[in-house]
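Novice: Coordinates in protein22.csv, CSV, C-alpha atoms and all ligand atoms, are listed below.
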```csv
chain,number,residue,atom,x,y,z
V,1,MET,CA,2.2,7.7,-15.6
V,2,SER,CA,0.5,10.8,-14.3
V,3,LYS,CA,2.9,13.5,-13.1
V,4,ASN,CA,1.1,14.0,-9.8
V,5,PRO,CA,-0.6,10.8,-8.5
V,6,ILE,CA,-1.4,12.3,-5.2
V,7,THR,CA,-3.4,15.6,-5.9
V,8,ILE,CA,-6.4,13.9,-4.3
V,9,PHE,CA,-4.4,12.9,-1.2
V,10,ARG,CA,-2.5,16.2,-0.9
V,11,LYS,CA,-5.5,18.5,-1.1
V,12,THR,CA,-7.4,16.8,1.6
V,13,TRP,CA,-7.1,13.5,3.4
V,14,GLY,CA,-10.9,13.6,4.3
V,15,THR,CA,-12.3,11.8,1.2
V,16,TYR,CA,-9.9,8.9,1.6
V,17,GLN,CA,-10.7,8.7,5.4
V,18,LYS,CA,-14.3,8.2,4.4
V,19,VAL,CA,-13.3,5.5,2.0
V,20,ILE,CA,-11.4,3.7,4.8
V,21,SER,CA,-14.1,4.2,7.5
V,22,HIS,CA,-16.9,2.8,5.2
V,23,ASN,CA,-14.6,-0.1,4.2
V,24,LEU,CA,-15.0,0.7,0.5
V,25,MET,CA,-11.6,-0.8,-0.3
V,26,TYR,CA,-12.0,-3.7,2.1
V,27,HIS,CA,-9.3,-2.5,4.5
V,28,ARG,CA,-11.1,-4.4,7.3
V,29,GLU,CA,-10.8,-7.9,5.7
V,30,ILE,CA,-7.4,-7.2,4.2
V,31,THR,CA,-5.9,-6.0,7.5
V,32,ALA,CA,-7.4,-9.0,9.3
V,33,ALA,CA,-5.7,-11.4,6.8
V,34,VAL,CA,-2.4,-9.6,7.2
V,35,ALA,CA,-2.7,-9.6,11.0
V,36,THR,CA,-3.2,-13.4,10.9
V,37,LEU,CA,0.0,-13.8,8.9
V,38,LEU,CA,2.0,-11.6,11.3
V,39,LYS,CA,0.9,-13.5,14.4
V,40,SER,CA,3.3,-16.2,13.3
V,41,ARG,CA,6.2,-13.7,13.0
V,42,PRO,CA,8.7,-12.9,15.7
V,43,SER,CA,7.5,-10.4,18.2
V,44,SER,CA,9.8,-7.5,17.3
V,45,LEU,CA,9.4,-6.3,13.8
V,46,ARG,CA,11.2,-3.6,11.8
V,47,LEU,CA,8.7,-2.4,9.3
V,48,LEU,CA,9.1,-0.1,6.2
V,49,ASP,CA,5.8,1.2,5.1
V,50,LEU,CA,5.8,2.6,1.5
V,51,GLY,CA,2.9,5.0,0.7
V,52,CYS,CA,1.8,4.7,4.3
V,53,GLY,CA,-0.9,7.3,4.2
V,54,ASP,CA,-2.3,7.8,7.7
V,55,ALA,CA,-0.9,4.5,8.9
V,56,SER,CA,-4.3,3.7,10.4
V,57,HIS,CA,-3.8,0.0,9.4
V,58,VAL,CA,-0.7,-0.5,11.5
V,59,SER,CA,-2.7,-0.6,14.8
V,60,LYS,CA,-4.9,-3.3,13.2
V,61,ILE,CA,-2.1,-5.5,11.9
V,62,LEU,CA,0.3,-5.2,14.9
V,63,LYS,CA,0.1,-5.2,18.6
V,64,PRO,CA,2.2,-2.5,20.5
V,65,GLY,CA,4.9,-4.9,21.6
V,66,GLN,CA,5.3,-6.3,18.1
V,67,LEU,CA,6.8,-3.2,16.5
V,68,ALA,CA,10.6,-2.6,17.0
V,69,GLU,CA,10.9,0.1,14.5
V,70,TYR,CA,8.6,1.8,12.0
V,71,CYS,CA,9.7,3.8,9.0
V,72,GLY,CA,6.8,5.3,6.9
V,73,CYS,CA,6.9,7.4,3.8
V,74,ASP,CA,4.3,9.2,1.8
V,75,LEU,CA,4.1,12.3,-0.4
V,76,SER,CA,1.1,13.7,1.5
V,77,PRO,CA,2.0,15.8,4.5
V,78,TYR,CA,-1.6,15.7,5.6
V,79,ALA,CA,-1.6,12.0,5.8
V,80,LEU,CA,1.8,11.9,7.7
V,81,ASP,CA,0.4,14.3,10.3
V,82,VAL,CA,-2.4,11.8,11.1
V,83,ALA,CA,0.0,8.9,10.9
V,84,ARG,CA,2.2,10.4,13.6
V,85,ILE,CA,-0.8,10.5,15.9
V,86,ASN,CA,-1.9,7.0,15.0
V,87,LEU,CA,1.5,5.6,15.8
V,88,GLU,CA,2.0,7.3,19.2
V,89,PRO,CA,0.4,4.4,21.2
V,90,PHE,CA,3.1,2.0,20.0
V,91,GLY,CA,5.9,3.9,21.7
V,92,SER,CA,8.4,2.5,19.2
V,93,PRO,CA,11.0,4.5,17.3
V,94,VAL,CA,9.1,6.1,14.3
V,95,THR,CA,10.5,7.8,11.3
V,96,MET,CA,8.2,9.6,8.9
V,97,ILE,CA,9.5,10.8,5.6
V,98,CYS,CA,7.6,13.0,3.1
V,99,ARG,CA,9.2,11.7,0.0
V,100,ASP,CA,8.9,9.4,-3.0
V,101,MET,CA,8.7,5.8,-2.0
V,102,LEU,CA,11.4,4.6,-4.4
V,103,ALA,CA,13.8,7.3,-3.3
V,104,VAL,CA,13.3,6.2,0.3
V,105,LEU,CA,13.6,2.5,-0.6
V,106,ARG,CA,16.8,3.1,-2.6
V,107,GLU,CA,18.5,4.9,0.3
V,108,ALA,CA,17.3,2.4,3.0
V,109,PRO,CA,20.0,0.3,4.6
V,110,ALA,CA,20.6,-3.3,3.2
V,111,ASN,CA,19.4,-6.3,5.3
V,112,HIS,CA,17.6,-4.1,7.8
V,113,PHE,CA,13.8,-4.6,7.7
V,114,ASP,CA,11.7,-7.7,8.5
V,115,ILE,CA,8.7,-6.4,6.5
V,116,VAL,CA,8.3,-4.1,3.6
V,117,TYR,CA,4.7,-3.2,3.6
V,118,SER,CA,2.9,-1.3,0.9
V,119,SER,CA,-0.9,-0.8,0.8
V,120,TYR,CA,-2.8,0.7,-2.2
V,121,ALA,CA,0.2,2.7,-3.3
V,122,LEU,CA,2.2,0.6,-5.7
V,123,HIS,CA,-0.4,0.8,-8.5
V,124,HIS,CA,0.7,4.5,-8.9
V,125,LEU,CA,4.1,3.4,-10.3
V,126,ASN,CA,4.8,2.2,-13.9
V,127,THR,CA,5.9,-1.4,-14.5
V,128,ASP,CA,9.6,-0.6,-14.5
V,129,ASP,CA,9.3,1.2,-11.2
V,130,LYS,CA,7.3,-1.7,-9.8
V,131,GLN,CA,10.3,-3.9,-10.7
V,132,THR,CA,12.6,-1.6,-8.8
V,133,PHE,CA,10.2,-1.8,-5.8
V,134,PHE,CA,10.7,-5.6,-5.7
V,135,THR,CA,14.4,-5.5,-6.4
V,136,GLU,CA,15.2,-2.9,-3.8
V,137,SER,CA,12.8,-4.5,-1.3
V,138,ARG,CA,14.8,-7.7,-1.6
V,139,ARG,CA,18.0,-5.7,-0.8
V,140,VAL,CA,16.6,-4.0,2.3
V,141,LEU,CA,15.0,-7.2,3.8
V,142,ARG,CA,16.7,-9.3,6.4
V,143,GLU,CA,16.9,-13.1,6.0
V,144,ASN,CA,13.4,-14.5,6.5
V,145,GLY,CA,11.9,-11.1,5.8
V,146,GLY,CA,9.1,-10.5,3.3
V,147,ILE,CA,7.0,-8.0,1.4
V,148,ILE,CA,3.4,-7.6,2.2
V,149,LEU,CA,1.7,-6.0,-0.7
V,150,VAL,CA,-1.9,-4.8,-0.6
V,151,ASP,CA,-3.1,-3.3,-3.8
V,152,VAL,CA,-5.7,-3.1,-6.5
V,153,MET,CA,-5.1,-5.7,-9.2
V,154,ARG,CA,-6.5,-6.3,-12.6
V,155,ASP,CA,-8.1,-9.6,-13.3
V,156,GLU,CA,-6.0,-12.0,-15.4
V,157,GLY,CA,-6.4,-11.0,-19.0
V,158,GLN,CA,-8.2,-7.8,-18.2
V,159,GLU,CA,-6.8,-4.7,-20.0
V,160,ARG,CA,-6.5,-1.4,-18.2
V,161,PRO,CA,-9.5,0.3,-19.9
V,162,GLU,CA,-11.8,-2.5,-19.0
V,163,TYR,CA,-10.5,-2.4,-15.4
V,164,LEU,CA,-11.0,1.4,-15.2
V,165,ASP,CA,-14.6,1.1,-16.5
V,166,GLY,CA,-15.4,-1.6,-14.0
V,167,TYR,CA,-13.8,0.1,-11.0
V,168,ASN,CA,-15.2,3.5,-11.8
V,169,GLY,CA,-18.6,2.0,-12.4
V,170,THR,CA,-18.5,0.6,-8.8
V,171,VAL,CA,-17.4,4.0,-7.5
V,172,ARG,CA,-20.2,5.7,-9.3
V,173,VAL,CA,-23.0,3.3,-8.2
V,174,GLU,CA,-21.8,1.9,-4.9
V,175,TRP,CA,-19.7,4.5,-3.2
V,176,ASP,CA,-22.8,6.6,-2.3
V,177,VAL,CA,-21.4,7.6,1.1
V,178,LEU,CA,-19.2,10.1,-0.9
V,179,THR,CA,-20.7,13.2,-2.3
V,180,ARG,CA,-21.2,13.4,-6.0
V,181,ASP,CA,-18.2,15.8,-6.3
V,182,GLU,CA,-16.0,13.5,-4.2
V,183,ARG,CA,-17.0,10.5,-6.4
V,184,ASP,CA,-16.2,12.5,-9.6
V,185,LYS,CA,-12.8,13.4,-8.2
V,186,VAL,CA,-12.1,9.8,-7.2
V,187,GLN,CA,-13.0,8.6,-10.7
V,188,LYS,CA,-10.8,11.2,-12.3
V,189,HIS,CA,-7.9,10.2,-10.0
V,190,ILE,CA,-8.4,6.5,-10.9
V,191,ARG,CA,-8.5,7.2,-14.6
V,192,ASN,CA,-5.4,9.4,-14.5
V,193,CYS,CA,-3.2,7.8,-11.8
V,194,ASP,CA,-4.0,4.1,-11.4
V,195,PHE,CA,-1.9,1.5,-13.2
V,196,PRO,CA,-2.7,-1.8,-11.6
V,197,GLU,CA,-1.1,-5.0,-12.7
V,198,SER,CA,-2.5,-8.5,-12.8
V,199,PRO,CA,-1.3,-10.9,-10.0
V,200,SER,CA,0.7,-12.9,-12.5
V,201,THR,CA,2.7,-9.9,-13.6
V,202,LEU,CA,3.4,-8.9,-10.0
V,203,ARG,CA,4.5,-12.5,-9.3
V,204,LYS,CA,6.8,-12.3,-12.3
V,205,LEU,CA,8.4,-9.1,-11.1
V,206,ALA,CA,8.8,-10.6,-7.6
V,207,ARG,CA,10.4,-13.7,-9.0
V,208,ASN,CA,12.8,-11.6,-11.1
V,209,ALA,CA,13.9,-10.0,-7.8
V,210,GLY,CA,14.5,-13.4,-6.1
V,211,PHE,CA,11.2,-13.9,-4.2
V,212,LYS,CA,10.3,-17.6,-4.7
V,213,ASN,CA,7.4,-17.9,-2.3
V,214,CYS,CA,4.4,-15.8,-3.5
V,215,ARG,CA,1.2,-16.3,-1.6
V,216,LYS,CA,-2.2,-14.7,-1.8
V,217,LEU,CA,-3.6,-13.7,1.6
V,218,GLU,CA,-6.9,-12.2,0.7
V,219,LYS,CA,-8.9,-11.0,-2.3
V,220,ARG,CA,-12.1,-8.9,-2.4
V,221,THR,CA,-13.1,-7.8,-5.9
V,222,TRP,CA,-10.0,-6.0,-7.3
V,223,HIS,CA,-8.5,-5.6,-3.8
V,224,GLU,CA,-5.8,-8.1,-3.0
V,225,ALA,CA,-3.1,-8.9,-0.4
V,226,TRP,CA,0.0,-10.9,-1.2
V,227,CYS,CA,3.1,-12.0,0.7
V,228,PHE,CA,6.4,-12.4,-1.1
V,229,GLU,CA,9.3,-14.2,0.5
V,230,ALA,CA,12.7,-15.3,-0.7
V,301,LIG,C1,-4.7,5.0,-1.6
V,301,LIG,S1,-3.6,5.8,-0.5
V,301,LIG,C2,-3.2,4.4,0.6
V,301,LIG,C3,-2.8,4.8,2.0
V,301,LIG,C4,-2.5,3.7,3.0
V,301,LIG,N1,-1.3,2.9,2.7
V,301,LIG,C5,-3.7,2.7,3.0
V,301,LIG,O1,-3.6,1.6,2.7
V,301,LIG,O2,-4.8,3.2,3.4
V,301,LIG,C6,-2.2,5.9,-1.5
V,301,LIG,C7,-1.1,6.7,-0.8
V,301,LIG,O3,0.1,6.5,-1.6
V,301,LIG,C8,0.8,7.8,-1.6
V,301,LIG,N2,1.7,7.8,-2.7
V,301,LIG,C9,1.4,7.8,-4.1
V,301,LIG,N3,2.5,7.7,-4.8
V,301,LIG,C10,3.5,7.8,-3.9
V,301,LIG,C11,4.9,7.8,-4.1
V,301,LIG,N4,5.5,7.8,-5.3
V,301,LIG,N5,5.7,7.9,-3.0
V,301,LIG,C12,5.2,7.9,-1.8
V,301,LIG,N6,3.8,7.9,-1.5
V,301,LIG,C13,3.0,7.8,-2.6
V,301,LIG,C14,-0.3,8.8,-1.6
V,301,LIG,O4,0.1,10.1,-1.1
V,301,LIG,C15,-1.4,8.1,-0.7
V,301,LIG,O5,-1.2,8.5,0.7
```
Let's see the structure in the file written out as structure tokens.
Specialist:
Amino acid sequence: MSKNPITIFRKTWGTYQKVISHNLMYHREITAAVATLLKSRPSSLRLLDLGCGDASHVSKILKPGQLAEYCGCDLSPYALDVARINLEPFGSPVTMICRDMLAVLREAPANHFDIVYSSYALHHLNTDDKQTFFTESRRVLRENGGIILVDVMRDEGQERPEYLDGYNGTVRVEWDVLTRDERDKVQKHIRNCDFPESPSTLRKLARNAGFKNCRKLEKRTWHEAWCFEA
């Protein structure tokens, strides 16, 4: 795994904000699917958001009265500054931690959260660390709690080099709202820092951790949303 998977996010949050606002990673469809799922949940949720970025998705998946507590962590202080502003309207207790997501997860209290949410961050971890993510998430979740995982995923049977060529080809050709320099940096980041798994591998890791109910919520090209419940 790359030593610093967040150089692109640490230097400036601007490029990624463009990616979100032009829906290049299908945030719109993915957050709509997650919002539909969460409508059926009790009204007062405690949410742990790992690799939360600017937390701009939270206002799209939850209504103000639905959030009892929010704990977000990210390695990018720029993103967390924006996240604080985005969460103000909720008026709920908010904790923002600028720290590695597994360190935060390991120290989180047991049986505390209703939702462990992670969006487009898990693919930066190696497979063993992804297993730790599922195992520790199971520990911190309350009964009836669940993981909502949004991430890039390889197609079944697709090896990483093939995935990288495909994804970067899309960035090169279709992400033309970014400048050429931005596109080059994004492709370099993907080549050095992205280690997506296939859905079947993620399901296996989740089952190892005791999650029996694994459901796909949305899929747009390599961008998927899944829910894992015990
Ligand atoms: C592609 S952005 C996703 C941000 C947001 N969750 C979203 O869906 O728009 C990935 C985020 O993960 C963060 N990140 C990467 N590795 C991390 C780690 N080990 N611990 C905490 N955050 C991490 C980066 O700083 C970045 O903000």
Novice: I'd like the contact shell of Glu69 of chain V - 6 Å cut-off, only C-alpha atoms, skipping same-chain residues fewer than 6 positions apart - returned as a VMD selection string.
Specialist: chain V and resid 46 92 to 93
Novice: Can you pull out every residue with an atom within 8 Å of ligand LIG 301 (chain V)? Use only C-alpha atoms and all ligand atoms and format it as a VMD selection string.
Specialist: chain V and resid 5 to 6 9 to 10 16 20 27 49 to 57 73 to 76 79 98 to 102 118 to 122 124 to 125 150
Novice: Go through V:Tyr26, V:Phe90, V:Phe195, V:Phe133 one by one, measure the shortest atom-to-atom distance of each to Pro161 of chain V using only C-alpha atoms, and give the residue with the smallest value.
Specialist: V:Phe195
Novice: Can you tell me which residues surround Ala209 of chain V at a distance of at most 10 Å, considering all atoms listed in the file, apart from same-chain residues fewer than 5 positions away, and format the answer as a list in words?
Specialist: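 Contacts, in chain order: Gln131, Thr132, Phe133, Phe134, Thr135, Glu136, Ser137, Arg138, Arg139, Arg203, Lys204 and Ala230 of chain V.
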Novice: So what do you get for atom CA of Asn213 of chain V versus atom CA of Val104 of chain V, distance-wise?
Specialist: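 For atom CA of Asn213 of chain V relative to atom CA of Val104 of chain V, the distance reads 24.9 Å.
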Novice: Pick the closest to Ile61 of chain V from V:Leu47, V:Ile85, V:Ala32, V:Ala225: which is it, counting all atoms listed in the file?
Specialist: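 Looking at the shortest contact to Ile61 of chain V, the residue is V:Ala32.
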Novice: Rounded to one decimal place, report the atom CA of His112 of chain V-atom CA of Val82 of chain V distance in Å.
Specialist: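 Interatomic distance here is 25.8 Å.
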Novice: Taking into account all atoms listed in the file, which residue in the set V:Asn86, V:Asp81, V:Ile97, V:Arg215 is nearest to Ile148 of chain V?
Specialist: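 Once distances to Ile148 of chain V are computed over all atoms listed in the file, the minimum belongs to V:Arg215.
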Novice: Expressed in Å to a single decimal, how great is the separation between atom CA of Thr127 of chain V and atom CA of Asp155 of chain V?
Specialist: 16.3 Å
Novice: List the spatial neighbours of Arg183 of chain V as a list in words - criterion: any atom at most 8 Å away, all atoms listed in the file, same-chain residues fewer than 4 positions off excluded.
Specialist: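 Using all atoms listed in the file, the neighbours found are Val171, Arg172, Trp175, Leu178, Thr179 and Gln187 of chain V.
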Novice: Store the residues of this selection in a file with C-alpha atoms, as a PDB file, in the frame of the given file.
Specialist:
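Once written, result04.pdb looks like this:
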```
ATOM      1  CA  VAL V 171     -17.400   4.000  -7.500  1.00  0.00           C
ATOM      2  CA  ARG V 172     -20.200   5.700  -9.300  1.00  0.00           C
ATOM      3  CA  TRP V 175     -19.700   4.500  -3.200  1.00  0.00           C
ATOM      4  CA  LEU V 178     -19.200  10.100  -0.900  1.00  0.00           C
ATOM      5  CA  THR V 179     -20.700  13.200  -2.300  1.00  0.00           C
ATOM      6  CA  GLN V 187     -13.000   8.600 -10.700  1.00  0.00           C
TER       7      GLN V 187
END
```
Novice: Between V:Met153, V:Leu37, V:Ile147, V:Val116, which is the closest to Trp222 of chain V once you count all atoms listed in the file?
Specialist: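 Looking at the shortest contact to Trp222 of chain V, the residue is V:Met153.
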Novice: What's the 10 Å shell around Arg154 of chain V, counting only C-alpha atoms, without same-chain residues fewer than 2 positions away, as a PyMOL selection string?
Specialist: chain V and resi 151-152+156-160+162-164+167+195-201+221-224
Novice: Please list as a list in words every residue within 6 Å of Ser44 of chain V, counting only C-alpha atoms and excluding residues in the same chain fewer than 6 positions away.
Specialist: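 Skipping anything fewer than 6 positions along the chain leaves Gln66, Leu67 and Ala68 of chain V.
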